[in-house]
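Shown here: structure_6.cif, mmCIF, C-alpha atoms.
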```
data_run
#
loop_
_atom_site.group_PDB
_atom_site.id
_atom_site.type_symbol
_atom_site.label_atom_id
_atom_site.label_comp_id
_atom_site.auth_asym_id
_atom_site.auth_seq_id
_atom_site.Cartn_x
_atom_site.Cartn_y
_atom_site.Cartn_z
ATOM 1 C CA MET A 182 -10.084 57.215 27.857
ATOM 2 C CA GLU A 183 -13.746 56.593 28.356
ATOM 3 C CA ARG A 184 -13.020 53.037 29.332
ATOM 4 C CA ASN A 185 -10.579 54.192 32.031
ATOM 5 C CA THR A 186 -13.102 56.621 33.450
ATOM 6 C CA LEU A 187 -15.643 53.843 33.670
ATOM 7 C CA HIS A 188 -13.163 51.650 35.448
ATOM 8 C CA ASP A 189 -12.174 54.357 37.930
ATOM 9 C CA LYS A 190 -15.796 54.965 38.754
ATOM 10 C CA ALA A 191 -16.466 51.289 39.283
ATOM 11 C CA ALA A 192 -13.494 50.931 41.611
ATOM 12 C CA SER A 193 -14.131 54.071 43.642
ATOM 13 C CA ASP A 194 -16.551 55.133 46.304
ATOM 14 C CA THR A 195 -19.689 53.238 45.412
ATOM 15 C CA ALA A 196 -21.624 51.457 48.124
ATOM 16 C CA PHE A 197 -20.998 48.243 46.229
ATOM 17 C CA ALA A 198 -17.224 48.631 46.443
ATOM 18 C CA LYS A 199 -17.006 50.062 49.954
ATOM 19 C CA ASP A 200 -19.753 48.457 51.912
ATOM 20 C CA ARG A 201 -19.598 44.694 51.678
ATOM 21 C CA ALA A 202 -22.883 44.482 53.576
ATOM 22 C CA TYR A 203 -24.631 46.067 50.567
ATOM 23 C CA ARG A 204 -26.761 43.249 49.228
ATOM 24 C CA THR A 205 -29.822 43.315 47.011
ATOM 25 C CA GLN A 206 -31.160 40.353 48.958
ATOM 26 C CA ASP A 207 -31.696 42.687 51.905
ATOM 27 C CA VAL A 208 -33.499 45.351 49.906
ATOM 28 C CA ASP A 209 -37.275 45.695 49.893
ATOM 29 C CA LEU A 210 -37.998 45.176 46.182
ATOM 30 C CA SER A 211 -41.003 47.489 46.335
ATOM 31 C CA THR A 212 -38.547 50.377 46.795
ATOM 32 C CA LEU A 213 -36.865 49.591 43.452
ATOM 33 C CA LYS A 214 -38.091 51.153 40.236
ATOM 34 C CA PRO A 215 -39.446 48.797 37.532
ATOM 35 C CA ALA A 216 -37.906 49.029 34.059
ATOM 36 C CA LYS A 217 -41.133 50.205 32.459
ATOM 37 C CA LEU A 218 -41.203 53.361 34.611
ATOM 38 C CA ASP A 219 -38.031 54.935 33.253
ATOM 39 C CA GLY A 220 -38.533 53.741 29.681
ATOM 40 C CA VAL A 221 -34.921 52.611 29.325
ATOM 41 C CA GLN A 222 -34.584 49.308 27.520
ATOM 42 C CA LEU A 223 -31.312 47.850 28.738
ATOM 43 C CA ARG A 224 -29.868 45.301 26.359
ATOM 44 C CA LEU A 225 -27.663 42.263 26.782
ATOM 45 C CA HIS A 226 -25.777 40.437 24.070
ATOM 46 C CA GLY A 227 -25.329 36.921 25.386
ATOM 47 C CA VAL A 228 -23.031 35.522 28.042
ATOM 48 C CA ASP A 229 -19.534 36.964 28.392
ATOM 49 C CA HIS A 230 -18.360 34.538 31.054
ATOM 50 C CA THR A 231 -19.419 32.551 34.047
ATOM 51 C CA ALA A 232 -16.966 32.044 36.908
ATOM 52 C CA ARG A 233 -16.558 29.617 39.769
ATOM 53 C CA PRO A 234 -13.870 28.976 42.340
ATOM 54 C CA THR A 235 -11.552 26.009 42.038
ATOM 55 C CA TRP A 236 -9.138 24.408 44.451
ATOM 56 C CA LYS A 237 -7.779 22.091 41.748
ATOM 57 C CA LEU A 238 -5.622 24.254 39.503
ATOM 58 C CA ARG A 239 -3.849 21.626 37.436
ATOM 59 C CA ASP A 240 -6.872 19.338 37.137
ATOM 60 C CA THR A 241 -9.050 22.220 35.966
ATOM 61 C CA VAL A 242 -6.562 23.326 33.314
ATOM 62 C CA THR A 243 -6.017 19.751 32.183
ATOM 63 C CA PHE A 244 -9.720 19.061 31.921
ATOM 64 C CA TYR A 245 -10.896 22.185 30.123
ATOM 65 C CA ARG A 246 -7.830 22.875 27.958
ATOM 66 C CA ASP A 247 -6.447 19.426 27.243
ATOM 67 C CA ILE A 248 -9.385 17.033 27.501
ATOM 68 C CA LEU A 249 -12.317 19.170 26.362
ATOM 69 C CA GLY A 250 -9.994 21.167 24.097
ATOM 70 C CA LEU A 251 -11.299 24.621 24.998
ATOM 71 C CA PRO A 252 -8.560 27.179 24.294
ATOM 72 C CA LEU A 253 -7.157 28.949 27.350
ATOM 73 C CA VAL A 254 -7.541 32.565 26.228
ATOM 74 C CA HIS A 255 -6.829 34.761 29.232
ATOM 75 C CA THR A 256 -5.305 34.608 32.701
ATOM 76 C CA ILE A 257 -5.249 37.292 35.361
ATOM 77 C CA SER A 258 -2.756 36.796 38.180
ATOM 78 C CA ALA A 259 -2.976 39.261 41.007
ATOM 79 C CA ARG A 260 -1.765 40.031 44.452
ATOM 80 C CA GLY A 261 -5.084 40.134 46.201
ATOM 81 C CA TRP A 262 -7.770 42.446 44.939
ATOM 82 C CA GLY A 263 -7.505 45.574 47.032
ATOM 83 C CA GLN A 264 -9.576 44.440 49.961
ATOM 84 C CA PRO A 265 -7.734 43.488 53.135
ATOM 85 C CA GLY A 266 -7.417 39.748 53.596
ATOM 86 C CA HIS A 267 -8.169 38.924 49.968
ATOM 87 C CA PRO A 268 -5.862 36.096 48.881
ATOM 88 C CA ASP A 269 -3.621 36.310 45.852
ATOM 89 C CA PHE A 270 -5.277 34.563 42.965
ATOM 90 C CA LEU A 271 -5.339 33.353 39.403
ATOM 91 C CA HIS A 272 -8.415 34.039 37.283
ATOM 92 C CA PHE A 273 -8.400 32.157 34.003
ATOM 93 C CA PHE A 274 -10.732 31.885 31.053
ATOM 94 C CA PHE A 275 -11.444 29.142 28.515
ATOM 95 C CA ASP A 276 -13.116 29.907 25.202
ATOM 96 C CA ALA A 277 -16.638 28.475 24.951
ATOM 97 C CA GLY A 278 -17.533 29.854 21.525
ATOM 98 C CA LYS A 279 -19.201 33.038 20.215
ATOM 99 C CA GLY A 280 -17.098 35.163 22.533
ATOM 100 C CA ALA A 281 -18.275 33.430 25.709
ATOM 101 C CA THR A 282 -15.810 32.000 28.199
ATOM 102 C CA ILE A 283 -15.940 29.807 31.269
ATOM 103 C CA ALA A 284 -13.719 31.188 34.000
ATOM 104 C CA PHE A 285 -12.256 30.025 37.280
ATOM 105 C CA PHE A 286 -10.732 31.637 40.336
ATOM 106 C CA TYR A 287 -7.882 29.847 42.054
ATOM 107 C CA TYR A 288 -7.325 31.484 45.452
ATOM 108 C CA ILE A 289 -3.762 30.810 46.430
ATOM 109 C CA GLY A 290 -3.109 29.290 49.823
ATOM 110 C CA THR A 291 -6.754 28.639 50.639
ATOM 111 C CA ASP A 292 -8.548 25.400 51.417
ATOM 112 C CA ARG A 293 -11.866 24.478 49.949
ATOM 113 C CA PRO A 294 -14.608 25.209 52.511
ATOM 114 C CA GLU A 295 -16.978 22.344 53.168
ATOM 115 C CA LYS A 296 -19.917 24.056 51.509
ATOM 116 C CA PHE A 297 -18.034 24.004 48.190
ATOM 117 C CA ILE A 298 -17.639 20.230 48.205
ATOM 118 C CA PRO A 299 -19.834 18.964 45.370
ATOM 119 C CA GLU A 300 -22.964 17.085 46.295
ATOM 120 C CA ASP A 301 -24.908 14.518 44.363
ATOM 121 C CA HIS A 302 -28.137 16.451 44.681
ATOM 122 C CA TYR A 303 -30.335 18.427 42.324
ATOM 123 C CA PHE A 304 -30.122 21.547 44.499
ATOM 124 C CA TYR A 305 -26.396 21.526 43.808
ATOM 125 C CA SER A 306 -26.679 20.637 40.109
ATOM 126 C CA ALA A 307 -29.121 23.480 39.531
ATOM 127 C CA THR A 308 -26.100 25.782 39.251
ATOM 128 C CA HIS A 309 -24.548 24.660 36.009
ATOM 129 C CA THR A 310 -23.154 25.827 32.719
ATOM 130 C CA ALA A 311 -24.990 24.809 29.534
ATOM 131 C CA TRP A 312 -23.173 25.278 26.238
ATOM 132 C CA GLY A 313 -25.078 25.359 22.976
ATOM 133 C CA VAL A 314 -24.406 23.341 19.847
ATOM 134 C CA GLU A 315 -26.002 24.039 16.493
ATOM 135 C CA SER A 316 -27.054 20.629 15.179
ATOM 136 C CA GLU A 317 -28.035 17.164 16.248
ATOM 137 C CA ALA A 318 -24.856 15.860 14.595
ATOM 138 C CA GLU A 319 -22.782 18.174 16.806
ATOM 139 C CA LEU A 320 -24.602 17.025 19.933
ATOM 140 C CA HIS A 321 -23.940 13.391 19.021
ATOM 141 C CA GLN A 322 -20.323 14.186 18.257
ATOM 142 C CA TRP A 323 -19.879 15.721 21.702
ATOM 143 C CA LYS A 324 -21.361 12.701 23.458
ATOM 144 C CA GLU A 325 -19.443 10.124 21.454
ATOM 145 C CA THR A 326 -16.151 12.006 21.594
ATOM 146 C CA LEU A 327 -16.319 12.745 25.319
ATOM 147 C CA GLU A 328 -17.106 9.104 26.023
ATOM 148 C CA LYS A 329 -14.165 7.985 23.902
ATOM 149 C CA ARG A 330 -12.000 10.377 25.903
ATOM 150 C CA GLY A 331 -13.137 8.545 29.050
ATOM 151 C CA ILE A 332 -15.708 10.973 30.452
ATOM 152 C CA THR A 333 -18.975 9.601 31.820
ATOM 153 C CA VAL A 334 -21.781 11.338 29.961
ATOM 154 C CA SER A 335 -25.519 11.134 30.685
ATOM 155 C CA PRO A 336 -27.981 9.692 28.188
ATOM 156 C CA TYR A 337 -29.610 12.229 25.852
ATOM 157 C CA THR A 338 -32.408 14.070 27.625
ATOM 158 C CA ARG A 339 -35.068 15.751 25.518
ATOM 159 C CA HIS A 340 -36.758 18.616 27.328
ATOM 160 C CA GLU A 341 -39.448 20.734 25.751
ATOM 161 C CA ILE A 342 -37.233 22.942 23.626
ATOM 162 C CA LEU A 343 -33.800 21.484 24.408
ATOM 163 C CA GLU A 344 -32.026 18.191 23.993
ATOM 164 C CA SER A 345 -29.095 17.832 26.375
ATOM 165 C CA ILE A 346 -26.268 15.701 27.650
ATOM 166 C CA TYR A 347 -24.670 16.192 31.058
ATOM 167 C CA PHE A 348 -21.282 15.539 32.607
ATOM 168 C CA ARG A 349 -19.117 16.900 35.407
ATOM 169 C CA ASP A 350 -15.739 18.572 35.614
ATOM 170 C CA PRO A 351 -12.997 17.578 38.111
ATOM 171 C CA ASN A 352 -14.356 20.120 40.596
ATOM 172 C CA GLY A 353 -17.709 18.353 40.509
ATOM 173 C CA TYR A 354 -19.311 21.229 38.595
ATOM 174 C CA PRO A 355 -22.127 20.125 36.309
ATOM 175 C CA LEU A 356 -21.778 20.871 32.604
ATOM 176 C CA GLU A 357 -24.399 20.540 29.901
ATOM 177 C CA ILE A 358 -24.214 20.498 26.122
ATOM 178 C CA THR A 359 -27.554 21.431 24.650
ATOM 179 C CA LEU A 360 -29.262 21.737 21.289
ATOM 180 C CA ARG A 361 -32.145 24.163 20.893
ATOM 181 C CA LEU A 362 -34.838 22.068 19.207
ATOM 182 C CA ARG A 363 -36.909 24.933 17.881
ATOM 183 C CA ASP A 364 -37.170 28.691 17.952
ATOM 184 C CA ILE A 365 -38.949 30.294 20.872
ATOM 185 C CA HIS A 366 -42.214 31.920 19.809
ATOM 186 C CA ARG A 367 -44.303 34.717 21.255
ATOM 187 C CA LEU A 368 -46.676 31.967 22.461
ATOM 188 C CA ASP A 369 -43.934 30.528 24.649
ATOM 189 C CA ALA A 370 -43.425 33.852 26.385
ATOM 190 C CA LYS A 371 -47.156 34.257 27.047
ATOM 191 C CA ASP A 372 -47.346 30.708 28.376
ATOM 192 C CA ALA A 373 -44.290 31.258 30.572
ATOM 193 C CA GLU A 374 -45.928 34.357 32.028
ATOM 194 C CA LEU A 375 -49.189 32.525 32.756
ATOM 195 C CA THR A 376 -47.438 29.564 34.401
ATOM 196 C CA LEU A 377 -45.387 31.751 36.724
ATOM 197 C CA GLU A 378 -48.349 34.026 37.420
ATOM 198 C CA ALA A 379 -50.337 30.931 38.471
ATOM 199 C CA ALA A 380 -47.500 29.768 40.709
ATOM 200 C CA MET A 381 -46.977 33.196 42.315
ATOM 201 C CA GLN A 382 -50.705 33.649 42.928
ATOM 202 C CA MET A 383 -51.006 30.242 44.586
ATOM 203 C CA GLU A 384 -47.885 30.764 46.648
ATOM 204 C CA ASP A 385 -49.145 34.132 47.889
ATOM 205 C CA GLU A 386 -52.591 32.725 48.692
ATOM 206 C CA LEU A 387 -51.236 29.700 50.532
ATOM 207 C CA ARG A 388 -48.677 31.746 52.466
ATOM 208 C CA ALA A 389 -51.436 34.075 53.611
ATOM 209 C CA LYS A 390 -52.993 30.960 55.169
ATOM 210 C CA GLU A 391 -49.619 30.005 56.691
ATOM 211 C CA ASP A 392 -49.401 27.134 54.261
ATOM 212 C CA ARG A 393 -47.138 26.636 51.256
ATOM 213 C CA LEU A 394 -47.211 25.175 47.750
ATOM 214 C CA HIS A 395 -47.067 21.392 47.997
ATOM 215 C CA ASP A 396 -47.371 20.290 44.389
ATOM 216 C CA ILE A 397 -47.436 21.424 40.784
ATOM 217 C CA ASP A 398 -51.033 20.237 40.393
ATOM 218 C CA THR A 399 -52.157 23.269 42.398
ATOM 219 C CA VAL A 400 -50.281 25.504 39.936
ATOM 220 C CA TRP A 401 -51.765 23.666 36.936
ATOM 221 C CA ARG A 402 -55.301 24.207 38.255
ATOM 222 C CA ARG A 403 -54.764 27.948 38.667
ATOM 223 C CA LYS A 404 -53.094 27.983 35.264
ATOM 224 C CA ALA A 405 -56.279 26.471 33.807
ATOM 225 C CA LYS A 406 -58.217 29.412 35.219
ATOM 226 C CA LEU A 407 -55.743 31.967 33.857
ATOM 227 C CA VAL A 408 -55.721 30.315 30.416
ATOM 228 C CA GLU A 409 -59.526 30.215 30.411
ATOM 229 C CA ASP A 410 -59.609 33.930 31.200
ATOM 230 C CA TYR A 411 -56.982 34.607 28.548
ATOM 231 C CA ILE A 412 -58.568 32.694 25.670
ATOM 232 C CA GLY A 413 -62.093 33.846 26.539
ATOM 233 C CA ALA A 414 -65.417 32.043 26.698
ATOM 234 C CA HIS A 415 -65.570 28.597 25.184
ATOM 235 C CA MET B 20 -65.864 17.401 33.718
ATOM 236 C CA VAL B 21 -62.133 17.410 33.070
ATOM 237 C CA VAL B 22 -60.343 20.041 30.957
ATOM 238 C CA VAL B 23 -56.742 20.023 29.785
ATOM 239 C CA TYR B 24 -55.171 23.028 28.067
ATOM 240 C CA VAL B 25 -52.312 22.402 25.656
ATOM 241 C CA LEU B 26 -50.019 25.055 24.236
ATOM 242 C CA ASP B 27 -49.864 24.939 20.433
ATOM 243 C CA VAL B 28 -46.165 24.065 20.076
ATOM 244 C CA ALA B 29 -44.495 21.088 18.441
ATOM 245 C CA GLU B 30 -43.514 19.128 21.523
ATOM 246 C CA PHE B 31 -47.124 18.997 22.768
ATOM 247 C CA HIS B 32 -48.915 18.292 19.477
ATOM 248 C CA GLU B 33 -49.016 14.571 20.209
ATOM 249 C CA ILE B 34 -51.249 15.272 23.216
ATOM 250 C CA VAL B 35 -53.768 16.927 20.932
ATOM 251 C CA ALA B 36 -53.471 14.179 18.292
ATOM 252 C CA SER B 37 -54.011 11.539 20.947
ATOM 253 C CA ALA B 38 -57.118 13.310 22.260
ATOM 254 C CA GLN B 39 -58.491 13.716 18.736
ATOM 255 C CA ARG B 40 -58.318 9.954 18.249
ATOM 256 C CA LYS B 41 -60.736 9.473 21.169
ATOM 257 C CA PRO B 42 -64.327 10.384 20.355
ATOM 258 C CA GLN B 43 -65.273 10.941 24.002
ATOM 259 C CA TYR B 44 -62.926 13.940 24.209
ATOM 260 C CA ARG B 45 -63.885 17.275 22.687
ATOM 261 C CA VAL B 46 -60.923 19.196 21.262
ATOM 262 C CA ARG B 47 -60.987 22.852 20.219
ATOM 263 C CA ARG B 48 -58.241 25.267 19.319
ATOM 264 C CA SER B 49 -58.473 28.853 20.481
ATOM 265 C CA ASP B 50 -56.949 31.489 18.230
ATOM 266 C CA LYS B 51 -54.770 32.494 21.176
ATOM 267 C CA GLY B 52 -52.512 29.472 20.934
ATOM 268 C CA TYR B 53 -54.082 26.918 23.262
ATOM 269 C CA TYR B 54 -55.969 23.721 22.559
ATOM 270 C CA ARG B 55 -58.757 22.860 24.978
ATOM 271 C CA ILE B 56 -59.414 19.168 25.556
ATOM 272 C CA GLU B 57 -62.614 18.458 27.455
ATOM 273 C CA SER B 58 -64.234 15.258 28.680
ATOM 274 C CA ASP B 59 -67.326 14.497 30.744
ATOM 275 C CA THR B 60 -65.414 11.685 32.417
ATOM 276 C CA ASP B 61 -61.762 10.798 33.045
ATOM 277 C CA ILE B 62 -59.003 11.830 30.659
ATOM 278 C CA VAL B 63 -56.262 9.262 30.130
ATOM 279 C CA PHE B 64 -52.990 9.719 28.229
ATOM 280 C CA ASN B 65 -50.417 7.098 27.391
ATOM 281 C CA ARG B 66 -46.796 8.144 27.028
ATOM 282 C CA LYS B 67 -45.802 5.449 24.559
ATOM 283 C CA GLU B 68 -48.815 6.094 22.354
ATOM 284 C CA MET B 69 -47.678 9.729 22.176
ATOM 285 C CA LYS B 70 -44.016 8.743 21.686
ATOM 286 C CA MET B 71 -43.142 11.222 24.416
ATOM 287 C CA LYS B 72 -39.825 11.441 26.271
ATOM 288 C CA PRO B 73 -40.084 11.328 30.095
ATOM 289 C CA ALA B 74 -38.801 14.892 30.596
ATOM 290 C CA VAL B 75 -41.736 16.217 28.562
ATOM 291 C CA TRP B 76 -44.215 13.655 29.917
ATOM 292 C CA TYR B 77 -43.923 14.875 33.488
ATOM 293 C CA GLY B 78 -44.745 18.392 32.333
ATOM 294 C CA LEU B 79 -47.761 17.201 30.376
ATOM 295 C CA PHE B 80 -50.250 19.540 32.065
ATOM 296 C CA THR B 81 -48.168 22.694 32.027
ATOM 297 C CA GLY B 82 -50.823 24.298 29.797
ATOM 298 C CA GLY B 83 -53.342 24.075 32.643
ATOM 299 C CA LEU B 84 -55.514 21.386 34.186
ATOM 300 C CA ASN B 85 -59.053 21.510 35.488
ATOM 301 C CA GLY B 86 -59.186 18.145 37.194
ATOM 302 C CA GLU B 87 -57.322 15.983 39.630
ATOM 303 C CA ILE B 88 -54.522 13.608 38.764
ATOM 304 C CA ALA B 89 -55.609 10.222 40.093
ATOM 305 C CA GLU B 90 -52.489 8.368 38.875
ATOM 306 C CA PHE B 91 -49.348 9.650 37.217
ATOM 307 C CA GLY B 92 -47.197 6.700 36.197
ATOM 308 C CA ARG B 93 -44.226 6.522 33.893
ATOM 309 C CA ASP B 94 -46.450 5.478 30.997
ATOM 310 C CA GLU B 95 -50.001 6.399 31.880
ATOM 311 C CA VAL B 96 -51.767 9.291 33.528
ATOM 312 C CA ARG B 97 -55.427 9.473 34.537
ATOM 313 C CA VAL B 98 -57.209 12.705 35.388
ATOM 314 C CA ILE B 99 -60.556 12.694 37.129
ATOM 315 C CA GLY B 100 -63.058 15.447 37.804
ATOM 316 C CA THR B 101 -62.640 17.454 41.004
ATOM 317 C CA ASN B 102 -64.370 20.060 43.082
ATOM 318 C CA LYS B 103 -61.066 21.589 44.083
ATOM 319 C CA PRO B 104 -60.977 25.301 43.237
ATOM 320 C CA LEU B 105 -58.995 26.521 40.261
#
```

Step by step, read the file and then write its structure as structure tokens.
Amino acid sequence: MERNTLHDKAASDTAFAKDRAYRTQDVDLSTLKPAKLDGVQLRLHGVDHTARPTWKLRDTVTFYRDILGLPLVHTISARGWGQPGHPDFLHFFFDAGKGATIAFFYYIGTDRPEKFIPEDHYFYSATHTAWGVESEAELHQWKETLEKRGITVSPYTRHEILESIYFRDPNGYPLEITLRLRDIHRLDAKDAELTLEAAMQMEDELRAKEDRLHDIDTVWRRKAKLVEDYIGAH
Amino acid sequence: MVVVYVLDVAEFHEIVASAQRKPQYRVRRSDKGYYRIESDTDIVFNRKEMKMKPAVWYGLFTGGLNGEIAEFGRDEVRVIGTNKPL
């Protein structure tokens, strides 16, 4: 019963449901209340699903279910979605482990708009799905097996805390298989905060002079100052 | 003077080890998780000497850098002193 109530609320008269112009991107963030002010620690428990549109129904099913071997675990088929003009659609989910799925929308009778045509550019590849594996042996098995199945896979790339391989699906969507190389420590979080603080400070200062950030060196120099302040006199 | 800060995590330890092999660099570890590498003149690192993968190499100075990168090649980087503000 509780679940139904939740659903009814979500589908009813909220601004989000009614007013399609309601967008956080248009909201002045200074009017929003920071988490620390209400003392509520909201919690997440990993990824449930990610979803992207596809205009290649059969290719997408063939690739994820038959070639990668991810079980197809759920499909929604619906006549629109309540809003006028919304096309009928299929929404289907492939199991990606630990309860996570990768999902697609196939909007029936629509053509792919130009802006959804994949580009060979890092701006485009920035939106990607990265699946985790638990050992180096598993990472190697993915690369070798995918290559034997005919998929072009990148060389291994070792980042700071991740080692990854990359490939693309038939829609052009970038996929990544990644191995976490070590646990993340409290130090990493502090360092992350200092790096972004340095970048935000420099960006603000340069924008005030009608300039912009041009390089990471500028961030690294401010970071040096913030680290010096943090670790104290030397 | 050139100063490089290095976070005390596994993937960057080779930077510290490399600096410690060079007597002209002074290396100290703060108890807050950063190494501080200091030199009166240029600081030079070599990627192959540190057995470092390119994706980590190009983030070499993410711990902080008081200096100016004179050259940043695929295998060698040279940092010189600068008057640019931090």

Exercise. Near B:Tyr44, counting all atoms listed in the file, which residues have an atom at most 8 Å away, once you skip same-chain residues fewer than 4 positions from it, shown as a PyMOL selection string?
Worked result: chain B and resi 38-39+56-59+62

Hey, can you spit out that residue selection with C-alpha atoms as a CSV table (one decimal), in the coordinates of the input?
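As written to disk, part_6.csv reads:
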```
chain,number,residue,atom,x,y,z
B,38,ALA,CA,-57.1,13.3,22.3
B,39,GLN,CA,-58.5,13.7,18.7
B,56,ILE,CA,-59.4,19.2,25.6
B,57,GLU,CA,-62.6,18.5,27.5
B,58,SER,CA,-64.2,15.3,28.7
B,59,ASP,CA,-67.3,14.5,30.7
B,62,ILE,CA,-59.0,11.8,30.7
```

Problem set entry | Residue with smallest distance to B:Glu90 - pool B:Val35, B:Val23, B:Val63, B:Lys103, counting all atoms listed in the file |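 Once distances to B:Glu90 are computed over all atoms listed in the file, the minimum belongs to B:Val63.
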
Exercise. Which residues of chain B are close to chain A, meaning at most 10 Å apart when you count only C-alpha atoms, and how do they look as a PyMOL selection string?
Worked result: chain B and resi 22-31+47-55+71-76+78+80-88+103-105

Exercise. If you count all atoms listed in the file, which residues fall within 12 Å of A:Gly227, apart from same-chain ones fewer than 3 positions away, as a PyMOL selection string?
Worked result: chain A and resi 224+230-231+278-282+312-313

Problem set entry | Separation of atom CA of A:Leu327 from atom CA of A:Leu249 in Å |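 Separation between atom CA of A:Leu249 and atom CA of A:Leu327: 7.6 Å.
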
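We find atom CA of A:Arg293 and atom CA of A:His267 to be spaced 14.9 Å apart.
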
Exercise. Mind telling me what the PyMOL selection byres ((chain A and resi 349-352) around 8) catches here, as a PyMOL selection string?
Worked result: chain A and resi 235-237+240-241+244+299+347-348+353-356

Exercise. Could you name the residues that touch A:Leu238 at 10 Å or less, counting all atoms listed in the file, but leaving out those on the same chain fewer than 5 positions away, as a list in words?
Worked result: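 Counting only the stated atoms, we get Thr243, Leu271, Phe285, Phe286, Tyr287, Tyr288, Ile289 and Asn352 of chain A.
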
Exercise. In Å, with one decimal, what is the gap from atom CA of A:Arg330 to atom CA of A:Thr308?
Worked result: 24.8 Å

Exercise. Any idea what's packed within 8 Å of A:Arg393, counting all atoms listed in the file, ignoring anything in its chain fewer than 4 positions away? Could you give it as a PyMOL selection string?
Worked result: chain A and resi 384+387-388

Could you give me the centre and size, in Å to one decimal, of an axis-aligned box around all listed atoms of stretch 78-94 of chain B with 5 Å added on every side, as JSON?
```
{"center_x": -51.7, "center_y": 14.9, "center_z": 34.9, "size_x": 25.0, "size_y": 28.8, "size_z": 20.3}
```

Problem set entry | Contact residues around B:Ala89 with only C-alpha atoms at 10 Å, ignoring same-chain residues under 6 positions, as a ChimeraX atom specification | /B:61,96-100

For this session: Identify all residues satisfying the PyMOL selection byres ((chain A and resi 334) around 10) in the given file; provide them as a list in words.
Result: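 Output from the PyMOL selection byres ((chain A and resi 334) around 10), applied to this file: Trp323, Lys324, Glu325, Leu327, Glu328, Gly331, Ile332, Thr333, Ser335, Pro336, Tyr337, Ile346, Tyr347, Phe348, Arg349, Leu356 and Glu357 of chain A.
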